[in-house]
file upload.cif (mmCIF, N, CA and C atoms)
data_final
#
loop_
_atom_site.label_atom_id
_atom_site.label_comp_id
_atom_site.auth_asym_id
_atom_site.auth_seq_id
_atom_site.Cartn_x
_atom_site.Cartn_y
_atom_site.Cartn_z
N MET A 266 119.10 -62.34 -74.25
CA MET A 266 117.89 -62.71 -73.55
C MET A 266 116.98 -63.47 -74.51
N PRO A 267 116.59 -64.66 -74.16
CA PRO A 267 115.73 -65.44 -75.07
C PRO A 267 114.34 -64.82 -75.20
N VAL A 268 113.77 -64.95 -76.38
CA VAL A 268 112.42 -64.45 -76.64
C VAL A 268 111.42 -65.43 -76.04
N LYS A 269 110.57 -64.93 -75.16
CA LYS A 269 109.54 -65.77 -74.55
C LYS A 269 108.14 -65.22 -74.82
N ARG A 270 108.01 -63.89 -74.76
CA ARG A 270 106.69 -63.25 -74.91
C ARG A 270 106.68 -62.43 -76.20
N ILE A 271 105.72 -62.74 -77.06
CA ILE A 271 105.64 -62.10 -78.37
C ILE A 271 104.28 -61.41 -78.51
N LEU A 272 104.34 -60.16 -78.94
CA LEU A 272 103.12 -59.41 -79.24
C LEU A 272 102.83 -59.52 -80.73
N VAL A 273 101.67 -60.09 -81.06
CA VAL A 273 101.22 -60.22 -82.44
C VAL A 273 100.24 -59.09 -82.73
N VAL A 274 100.56 -58.26 -83.73
CA VAL A 274 99.73 -57.11 -84.07
C VAL A 274 99.19 -57.31 -85.49
N ASP A 275 97.88 -57.49 -85.60
CA ASP A 275 97.25 -57.68 -86.90
C ASP A 275 95.77 -57.40 -86.75
N ASP A 276 95.18 -56.67 -87.70
CA ASP A 276 93.75 -56.38 -87.63
C ASP A 276 92.90 -57.57 -88.06
N SER A 277 93.51 -58.59 -88.65
CA SER A 277 92.78 -59.78 -89.08
C SER A 277 92.75 -60.82 -87.96
N PRO A 278 91.55 -61.16 -87.46
CA PRO A 278 91.46 -62.20 -86.42
C PRO A 278 92.04 -63.53 -86.90
N THR A 279 91.88 -63.83 -88.18
CA THR A 279 92.41 -65.09 -88.73
C THR A 279 93.93 -65.11 -88.67
N GLU A 280 94.56 -64.02 -89.07
CA GLU A 280 96.03 -63.94 -89.02
C GLU A 280 96.53 -64.02 -87.58
N ARG A 281 95.87 -63.28 -86.67
CA ARG A 281 96.28 -63.33 -85.26
C ARG A 281 96.18 -64.74 -84.71
N LEU A 282 95.09 -65.43 -85.03
CA LEU A 282 94.90 -66.79 -84.53
C LEU A 282 95.96 -67.73 -85.09
N ALA A 283 96.21 -67.66 -86.39
CA ALA A 283 97.20 -68.55 -87.03
C ALA A 283 98.58 -68.34 -86.41
N LEU A 284 98.99 -67.08 -86.25
CA LEU A 284 100.30 -66.81 -85.65
C LEU A 284 100.34 -67.24 -84.19
N THR A 285 99.26 -66.98 -83.46
CA THR A 285 99.20 -67.37 -82.05
C THR A 285 99.33 -68.87 -81.91
N GLU A 286 98.60 -69.62 -82.71
CA GLU A 286 98.67 -71.09 -82.62
C GLU A 286 100.08 -71.59 -82.93
N LEU A 287 100.71 -71.06 -83.95
CA LEU A 287 102.07 -71.46 -84.30
C LEU A 287 103.03 -71.17 -83.15
N LEU A 288 102.96 -69.98 -82.61
CA LEU A 288 103.90 -69.57 -81.56
C LEU A 288 103.69 -70.32 -80.26
N VAL A 289 102.42 -70.49 -79.86
CA VAL A 289 102.12 -71.23 -78.62
C VAL A 289 102.60 -72.67 -78.74
N LYS A 290 102.40 -73.25 -79.92
CA LYS A 290 102.84 -74.63 -80.17
C LYS A 290 104.36 -74.78 -79.97
N HIS A 291 105.09 -73.68 -80.19
CA HIS A 291 106.54 -73.72 -80.05
C HIS A 291 107.02 -73.09 -78.73
N GLY A 292 106.10 -72.96 -77.79
CA GLY A 292 106.49 -72.60 -76.43
C GLY A 292 106.50 -71.12 -76.09
N TYR A 293 106.00 -70.27 -76.99
CA TYR A 293 106.00 -68.83 -76.72
C TYR A 293 104.69 -68.41 -76.05
N THR A 294 104.75 -67.38 -75.23
CA THR A 294 103.57 -66.74 -74.69
C THR A 294 103.21 -65.63 -75.66
N VAL A 295 101.93 -65.54 -76.02
CA VAL A 295 101.51 -64.59 -77.04
C VAL A 295 100.55 -63.56 -76.46
N LEU A 296 100.84 -62.31 -76.76
CA LEU A 296 99.95 -61.19 -76.50
C LEU A 296 99.42 -60.75 -77.86
N ALA A 297 98.26 -60.11 -77.89
CA ALA A 297 97.69 -59.72 -79.18
C ALA A 297 97.17 -58.29 -79.14
N ALA A 298 97.26 -57.65 -80.30
CA ALA A 298 96.68 -56.32 -80.50
C ALA A 298 96.15 -56.27 -81.92
N GLU A 299 95.07 -55.53 -82.12
CA GLU A 299 94.48 -55.49 -83.46
C GLU A 299 94.64 -54.15 -84.16
N SER A 300 95.44 -53.25 -83.57
CA SER A 300 95.69 -51.96 -84.21
C SER A 300 97.05 -51.44 -83.80
N GLY A 301 97.52 -50.46 -84.56
CA GLY A 301 98.79 -49.83 -84.20
C GLY A 301 98.71 -49.15 -82.85
N GLU A 302 97.61 -48.44 -82.60
CA GLU A 302 97.44 -47.75 -81.33
C GLU A 302 97.47 -48.74 -80.16
N GLU A 303 96.73 -49.85 -80.32
CA GLU A 303 96.67 -50.85 -79.25
C GLU A 303 98.05 -51.50 -79.05
N SER A 304 98.80 -51.68 -80.14
CA SER A 304 100.11 -52.31 -80.01
C SER A 304 101.04 -51.48 -79.12
N ILE A 305 100.96 -50.16 -79.23
CA ILE A 305 101.81 -49.29 -78.42
C ILE A 305 101.42 -49.40 -76.95
N ALA A 306 100.11 -49.38 -76.67
CA ALA A 306 99.64 -49.49 -75.28
C ALA A 306 100.05 -50.83 -74.67
N VAL A 307 99.86 -51.92 -75.41
CA VAL A 307 100.21 -53.26 -74.90
C VAL A 307 101.72 -53.39 -74.70
N ALA A 308 102.48 -52.88 -75.66
CA ALA A 308 103.94 -52.96 -75.54
C ALA A 308 104.45 -52.20 -74.33
N LYS A 309 103.92 -51.02 -74.09
CA LYS A 309 104.33 -50.23 -72.92
C LYS A 309 103.95 -50.94 -71.63
N ARG A 310 102.76 -51.50 -71.59
CA ARG A 310 102.25 -52.13 -70.37
C ARG A 310 102.91 -53.47 -70.08
N ASP A 311 103.06 -54.33 -71.12
CA ASP A 311 103.47 -55.71 -70.90
C ASP A 311 104.93 -56.01 -71.28
N GLN A 312 105.60 -55.09 -71.97
CA GLN A 312 107.01 -55.24 -72.32
C GLN A 312 107.33 -56.62 -72.94
N PRO A 313 106.75 -56.93 -74.10
CA PRO A 313 107.07 -58.21 -74.75
C PRO A 313 108.53 -58.24 -75.19
N ASP A 314 109.02 -59.43 -75.49
CA ASP A 314 110.40 -59.61 -75.95
C ASP A 314 110.54 -59.33 -77.44
N LEU A 315 109.41 -59.39 -78.17
CA LEU A 315 109.41 -59.23 -79.62
C LEU A 315 108.01 -58.81 -80.05
N ILE A 316 107.93 -58.04 -81.15
CA ILE A 316 106.64 -57.66 -81.73
C ILE A 316 106.62 -58.09 -83.19
N LEU A 317 105.56 -58.80 -83.59
CA LEU A 317 105.31 -59.14 -84.99
C LEU A 317 104.23 -58.17 -85.47
N MET A 318 104.58 -57.27 -86.38
CA MET A 318 103.73 -56.14 -86.75
C MET A 318 103.23 -56.22 -88.19
N ASP A 319 101.90 -56.24 -88.34
CA ASP A 319 101.29 -56.10 -89.66
C ASP A 319 101.46 -54.64 -90.10
N VAL A 320 101.32 -54.36 -91.38
CA VAL A 320 101.45 -52.98 -91.86
C VAL A 320 100.09 -52.37 -92.15
N ILE A 321 99.26 -53.07 -92.92
CA ILE A 321 98.00 -52.50 -93.38
C ILE A 321 96.92 -52.72 -92.33
N MET A 322 96.64 -51.65 -91.58
CA MET A 322 95.61 -51.68 -90.53
C MET A 322 94.90 -50.34 -90.54
N PRO A 323 93.62 -50.32 -90.14
CA PRO A 323 92.93 -49.03 -90.06
C PRO A 323 93.53 -48.16 -88.96
N GLY A 324 93.39 -46.86 -89.10
CA GLY A 324 93.97 -45.96 -88.11
C GLY A 324 95.48 -45.91 -88.30
N MET A 325 96.20 -46.05 -87.21
CA MET A 325 97.66 -46.04 -87.26
C MET A 325 98.16 -47.32 -87.92
N ASN A 326 98.89 -47.17 -89.04
CA ASN A 326 99.38 -48.38 -89.71
C ASN A 326 100.65 -48.91 -89.03
N GLY A 327 101.12 -50.05 -89.50
CA GLY A 327 102.27 -50.70 -88.88
C GLY A 327 103.56 -49.92 -88.99
N TYR A 328 103.72 -49.17 -90.07
CA TYR A 328 104.91 -48.33 -90.19
C TYR A 328 104.92 -47.25 -89.11
N GLN A 329 103.77 -46.60 -88.93
CA GLN A 329 103.66 -45.54 -87.92
C GLN A 329 103.86 -46.10 -86.51
N ALA A 330 103.23 -47.26 -86.25
CA ALA A 330 103.36 -47.87 -84.92
C ALA A 330 104.81 -48.28 -84.65
N THR A 331 105.46 -48.85 -85.65
CA THR A 331 106.85 -49.27 -85.49
C THR A 331 107.74 -48.07 -85.22
N ARG A 332 107.52 -47.00 -85.96
CA ARG A 332 108.31 -45.77 -85.76
C ARG A 332 108.13 -45.27 -84.32
N THR A 333 106.89 -45.27 -83.83
CA THR A 333 106.62 -44.81 -82.47
C THR A 333 107.29 -45.73 -81.45
N LEU A 334 107.12 -47.03 -81.63
CA LEU A 334 107.67 -48.00 -80.67
C LEU A 334 109.20 -47.93 -80.60
N THR A 335 109.84 -47.77 -81.75
CA THR A 335 111.31 -47.80 -81.76
C THR A 335 111.93 -46.47 -81.35
N ARG A 336 111.11 -45.45 -81.19
CA ARG A 336 111.65 -44.14 -80.77
C ARG A 336 111.32 -43.79 -79.33
N GLU A 337 110.32 -44.46 -78.74
CA GLU A 337 109.95 -44.16 -77.36
C GLU A 337 110.84 -44.93 -76.39
N GLU A 338 111.23 -44.25 -75.33
CA GLU A 338 112.15 -44.82 -74.34
C GLU A 338 111.64 -46.16 -73.79
N ALA A 339 110.36 -46.24 -73.48
CA ALA A 339 109.81 -47.43 -72.83
C ALA A 339 109.80 -48.68 -73.73
N THR A 340 109.85 -48.47 -75.06
CA THR A 340 109.70 -49.61 -75.97
C THR A 340 110.81 -49.72 -77.00
N ARG A 341 111.78 -48.84 -76.98
CA ARG A 341 112.79 -48.79 -78.05
C ARG A 341 113.66 -50.05 -78.13
N ASN A 342 113.77 -50.81 -77.05
CA ASN A 342 114.62 -52.00 -77.07
C ASN A 342 113.86 -53.28 -77.43
N ILE A 343 112.59 -53.15 -77.79
CA ILE A 343 111.80 -54.31 -78.20
C ILE A 343 111.93 -54.45 -79.72
N PRO A 344 112.53 -55.54 -80.21
CA PRO A 344 112.64 -55.69 -81.66
C PRO A 344 111.28 -55.90 -82.32
N VAL A 345 111.15 -55.37 -83.54
CA VAL A 345 109.91 -55.49 -84.31
C VAL A 345 110.24 -56.20 -85.62
N ILE A 346 109.48 -57.26 -85.91
CA ILE A 346 109.54 -57.90 -87.23
C ILE A 346 108.24 -57.54 -87.94
N MET A 347 108.35 -56.85 -89.06
CA MET A 347 107.16 -56.51 -89.82
C MET A 347 106.74 -57.75 -90.63
N CYS A 348 105.46 -58.07 -90.55
CA CYS A 348 104.89 -59.24 -91.24
C CYS A 348 103.70 -58.74 -92.06
N THR A 349 103.88 -58.62 -93.37
CA THR A 349 102.89 -57.93 -94.18
C THR A 349 102.80 -58.49 -95.59
N THR A 350 101.71 -58.17 -96.27
CA THR A 350 101.56 -58.54 -97.67
C THR A 350 102.31 -57.57 -98.58
N ARG A 351 102.75 -56.45 -98.04
CA ARG A 351 103.46 -55.44 -98.84
C ARG A 351 104.88 -55.92 -99.10
N GLY A 352 105.13 -56.39 -100.32
CA GLY A 352 106.39 -57.06 -100.61
C GLY A 352 107.34 -56.35 -101.56
N GLN A 353 107.04 -55.11 -101.92
CA GLN A 353 107.95 -54.38 -102.80
C GLN A 353 109.22 -54.01 -102.05
N GLU A 354 110.31 -53.89 -102.77
CA GLU A 354 111.58 -53.52 -102.13
C GLU A 354 111.46 -52.18 -101.41
N THR A 355 110.73 -51.24 -101.99
CA THR A 355 110.55 -49.93 -101.34
C THR A 355 109.80 -50.08 -100.02
N ASP A 356 108.83 -51.03 -99.94
CA ASP A 356 108.10 -51.28 -98.69
C ASP A 356 109.06 -51.78 -97.62
N LYS A 357 109.93 -52.71 -98.01
CA LYS A 357 110.91 -53.27 -97.05
C LYS A 357 111.86 -52.19 -96.56
N ILE A 358 112.36 -51.38 -97.49
CA ILE A 358 113.28 -50.31 -97.12
C ILE A 358 112.59 -49.35 -96.16
N TRP A 359 111.35 -48.98 -96.46
CA TRP A 359 110.61 -48.06 -95.60
C TRP A 359 110.40 -48.67 -94.21
N GLY A 360 110.05 -49.95 -94.17
CA GLY A 360 109.85 -50.62 -92.88
C GLY A 360 111.12 -50.62 -92.04
N MET A 361 112.25 -50.88 -92.66
CA MET A 361 113.51 -50.90 -91.94
C MET A 361 113.88 -49.48 -91.48
N ARG A 362 113.54 -48.49 -92.27
CA ARG A 362 113.81 -47.10 -91.88
C ARG A 362 112.97 -46.66 -90.69
N GLN A 363 111.84 -47.33 -90.48
CA GLN A 363 110.99 -46.99 -89.33
C GLN A 363 111.53 -47.62 -88.05
N GLY A 364 112.54 -48.47 -88.19
CA GLY A 364 113.15 -49.08 -87.01
C GLY A 364 112.93 -50.58 -86.89
N ALA A 365 112.29 -51.20 -87.89
CA ALA A 365 112.06 -52.64 -87.82
C ALA A 365 113.39 -53.40 -87.78
N HIS A 366 113.39 -54.48 -87.04
CA HIS A 366 114.55 -55.36 -86.93
C HIS A 366 114.65 -56.25 -88.18
N ASP A 367 113.47 -56.63 -88.70
CA ASP A 367 113.41 -57.51 -89.87
C ASP A 367 112.08 -57.27 -90.57
N TYR A 368 111.93 -57.86 -91.77
CA TYR A 368 110.74 -57.64 -92.59
C TYR A 368 110.42 -58.94 -93.29
N MET A 369 109.21 -59.44 -93.12
CA MET A 369 108.79 -60.68 -93.78
C MET A 369 107.50 -60.43 -94.57
N VAL A 370 107.39 -61.10 -95.71
CA VAL A 370 106.22 -60.94 -96.57
C VAL A 370 105.30 -62.14 -96.40
N LYS A 371 104.00 -61.86 -96.22
CA LYS A 371 102.99 -62.92 -96.11
C LYS A 371 102.73 -63.52 -97.48
N PRO A 372 102.37 -64.79 -97.57
CA PRO A 372 102.21 -65.69 -96.43
C PRO A 372 103.56 -66.04 -95.80
N LEU A 373 103.57 -66.05 -94.48
CA LEU A 373 104.81 -66.31 -93.75
C LEU A 373 105.17 -67.79 -93.81
N ASP A 374 106.44 -68.07 -93.97
CA ASP A 374 106.93 -69.44 -93.87
C ASP A 374 107.21 -69.69 -92.39
N PRO A 375 106.49 -70.64 -91.76
CA PRO A 375 106.66 -70.85 -90.33
C PRO A 375 108.11 -71.14 -89.91
N ALA A 376 108.81 -71.96 -90.67
CA ALA A 376 110.19 -72.30 -90.30
C ALA A 376 111.09 -71.08 -90.34
N THR A 377 110.92 -70.23 -91.35
CA THR A 377 111.72 -69.02 -91.47
C THR A 377 111.41 -68.06 -90.32
N LEU A 378 110.12 -67.90 -90.00
CA LEU A 378 109.73 -67.03 -88.89
C LEU A 378 110.32 -67.52 -87.58
N LEU A 379 110.20 -68.81 -87.31
CA LEU A 379 110.73 -69.37 -86.06
C LEU A 379 112.25 -69.21 -85.99
N ALA A 380 112.93 -69.36 -87.12
CA ALA A 380 114.39 -69.18 -87.15
C ALA A 380 114.76 -67.73 -86.85
N LYS A 381 114.01 -66.79 -87.41
CA LYS A 381 114.28 -65.37 -87.15
C LYS A 381 114.05 -65.04 -85.69
N ILE A 382 112.99 -65.61 -85.09
CA ILE A 382 112.73 -65.38 -83.68
C ILE A 382 113.86 -65.96 -82.83
N ALA A 383 114.28 -67.16 -83.16
CA ALA A 383 115.37 -67.80 -82.41
C ALA A 383 116.65 -66.99 -82.51
N ALA A 384 116.91 -66.41 -83.68
CA ALA A 384 118.14 -65.63 -83.89
C ALA A 384 118.15 -64.37 -83.03
N ILE A 385 116.97 -63.81 -82.77
CA ILE A 385 116.89 -62.61 -81.92
C ILE A 385 117.22 -62.97 -80.47
N GLY A 386 116.69 -64.13 -80.03
CA GLY A 386 116.90 -64.55 -78.63
C GLY A 386 118.21 -65.10 -78.48
#
call {"tool": "encode", "arguments": {"input": "upload.cif", "output": "structure tokens"}}
result
Amino acid sequence: MPVKRILVVDDSPTERLALTELLVKHGYTVLAAESGEESIAVAKRDQPDLILMDVIMPGMNGYQATRTLTREEATRNIPVIMCTTRGQETDKIWGMRQGAHDYMVKPLDPATLLAKIAAIG
């Protein structure tokens, strides 16, 4: 199934806007959430094809949100790509253990991100 609707989860309005502009320019419909808690509610309600998840957010962080999303029946089939400044190998391993499909370190390379999205669809 091709990826058409992407949920961008980031507490930074600047990051959300930059990702939204990139994705819309390439034909994707973008949903947005600014917290881990909100990402779960939006994912359950709108069933996006993919979630781009930041890690460092107030309240529920991206690792916790990803773990919840990938374990709940309603959202377990939605792939999550973690997009974060946390670039240590242990961070990547932990993200993948939470159920992430992939892990990217900011600043994101647009071509690499678009290729990863295309590979999922």
call {"tool": "atom_distance", "arguments": {"input": "upload.cif", "atom1": "atom CA of A:Glu338", "atom2": "atom N of A:Ala308"}}
result
12.7 Å
call {"tool": "residues_around", "arguments": {"input": "upload.cif", "residues": "A:Cys348", "least_positions_apart": "3", "cutoff": "10 Å", "atoms": "only C-alpha atoms", "output": "PyMOL selection string"}}
result
chain A and resi 273-275+316-321+327+345+351-352+367-373+378
call {"tool": "resolve_selection", "arguments": {"input": "upload.cif", "expression": "the PyMOL selection byres ((chain A and resi 297) around 7)", "output": "list in words"}}
result
Ile271, Leu272, Val273, Val274, Asp275, Val295, Leu296, Ala298, Glu299, Ser300, Glu303 and Ser304 of chain A
call {"tool": "atom_distance", "arguments": {"input": "upload.cif", "atom1": "atom CA of A:Ala383", "atom2": "atom N of A:Pro323"}}
result
29.0 Å
call {"tool": "select_by_dssp", "arguments": {"input": "upload.cif", "residues": "chain A", "states": "strand (DSSP E)", "output": "VMD selection string"}}
result
chain A and resid 270 to 274 294 to 298 315 to 318 345 to 349 367 to 370
call {"tool": "write_last_selection", "arguments": {"input": "upload.cif", "atoms": "N, CA and C atoms", "output": "compact mmCIF listing (two decimals), in the frame of the given file"}}
result
# COMPACT_ATOMS: atom_id res chain seq x y z
N ARG A 270 108.01 -63.89 -74.76
CA ARG A 270 106.69 -63.25 -74.91
C ARG A 270 106.68 -62.43 -76.20
N ILE A 271 105.72 -62.74 -77.06
CA ILE A 271 105.64 -62.10 -78.37
C ILE A 271 104.28 -61.41 -78.51
N LEU A 272 104.34 -60.16 -78.94
CA LEU A 272 103.12 -59.41 -79.24
C LEU A 272 102.83 -59.52 -80.73
N VAL A 273 101.67 -60.09 -81.06
CA VAL A 273 101.22 -60.22 -82.44
C VAL A 273 100.24 -59.09 -82.73
N VAL A 274 100.56 -58.26 -83.73
CA VAL A 274 99.73 -57.11 -84.07
C VAL A 274 99.19 -57.31 -85.49
N THR A 294 104.75 -67.38 -75.23
CA THR A 294 103.57 -66.74 -74.69
C THR A 294 103.21 -65.63 -75.66
N VAL A 295 101.93 -65.54 -76.02
CA VAL A 295 101.51 -64.59 -77.04
C VAL A 295 100.55 -63.56 -76.46
N LEU A 296 100.84 -62.31 -76.76
CA LEU A 296 99.95 -61.19 -76.50
C LEU A 296 99.42 -60.75 -77.86
N ALA A 297 98.26 -60.11 -77.89
CA ALA A 297 97.69 -59.72 -79.18
C ALA A 297 97.17 -58.29 -79.14
N ALA A 298 97.26 -57.65 -80.30
CA ALA A 298 96.68 -56.32 -80.50
C ALA A 298 96.15 -56.27 -81.92
N LEU A 315 109.41 -59.39 -78.17
CA LEU A 315 109.41 -59.23 -79.62
C LEU A 315 108.01 -58.81 -80.05
N ILE A 316 107.93 -58.04 -81.15
CA ILE A 316 106.64 -57.66 -81.73
C ILE A 316 106.62 -58.09 -83.19
N LEU A 317 105.56 -58.80 -83.59
CA LEU A 317 105.31 -59.14 -84.99
C LEU A 317 104.23 -58.17 -85.47
N MET A 318 104.58 -57.27 -86.38
CA MET A 318 103.73 -56.14 -86.75
C MET A 318 103.23 -56.22 -88.19
N VAL A 345 111.15 -55.37 -83.54
CA VAL A 345 109.91 -55.49 -84.31
C VAL A 345 110.24 -56.20 -85.62
N ILE A 346 109.48 -57.26 -85.91
CA ILE A 346 109.54 -57.90 -87.23
C ILE A 346 108.24 -57.54 -87.94
N MET A 347 108.35 -56.85 -89.06
CA MET A 347 107.16 -56.51 -89.82
C MET A 347 106.74 -57.75 -90.63
N CYS A 348 105.46 -58.07 -90.55
CA CYS A 348 104.89 -59.24 -91.24
C CYS A 348 103.70 -58.74 -92.06
N THR A 349 103.88 -58.62 -93.37
CA THR A 349 102.89 -57.93 -94.18
C THR A 349 102.80 -58.49 -95.59
N ASP A 367 113.47 -56.63 -88.70
CA ASP A 367 113.41 -57.51 -89.87
C ASP A 367 112.08 -57.27 -90.57
N TYR A 368 111.93 -57.86 -91.77
CA TYR A 368 110.74 -57.64 -92.59
C TYR A 368 110.42 -58.94 -93.29
N MET A 369 109.21 -59.44 -93.12
CA MET A 369 108.79 -60.68 -93.78
C MET A 369 107.50 -60.43 -94.57
N VAL A 370 107.39 -61.10 -95.71
CA VAL A 370 106.22 -60.94 -96.57
C VAL A 370 105.30 -62.14 -96.40
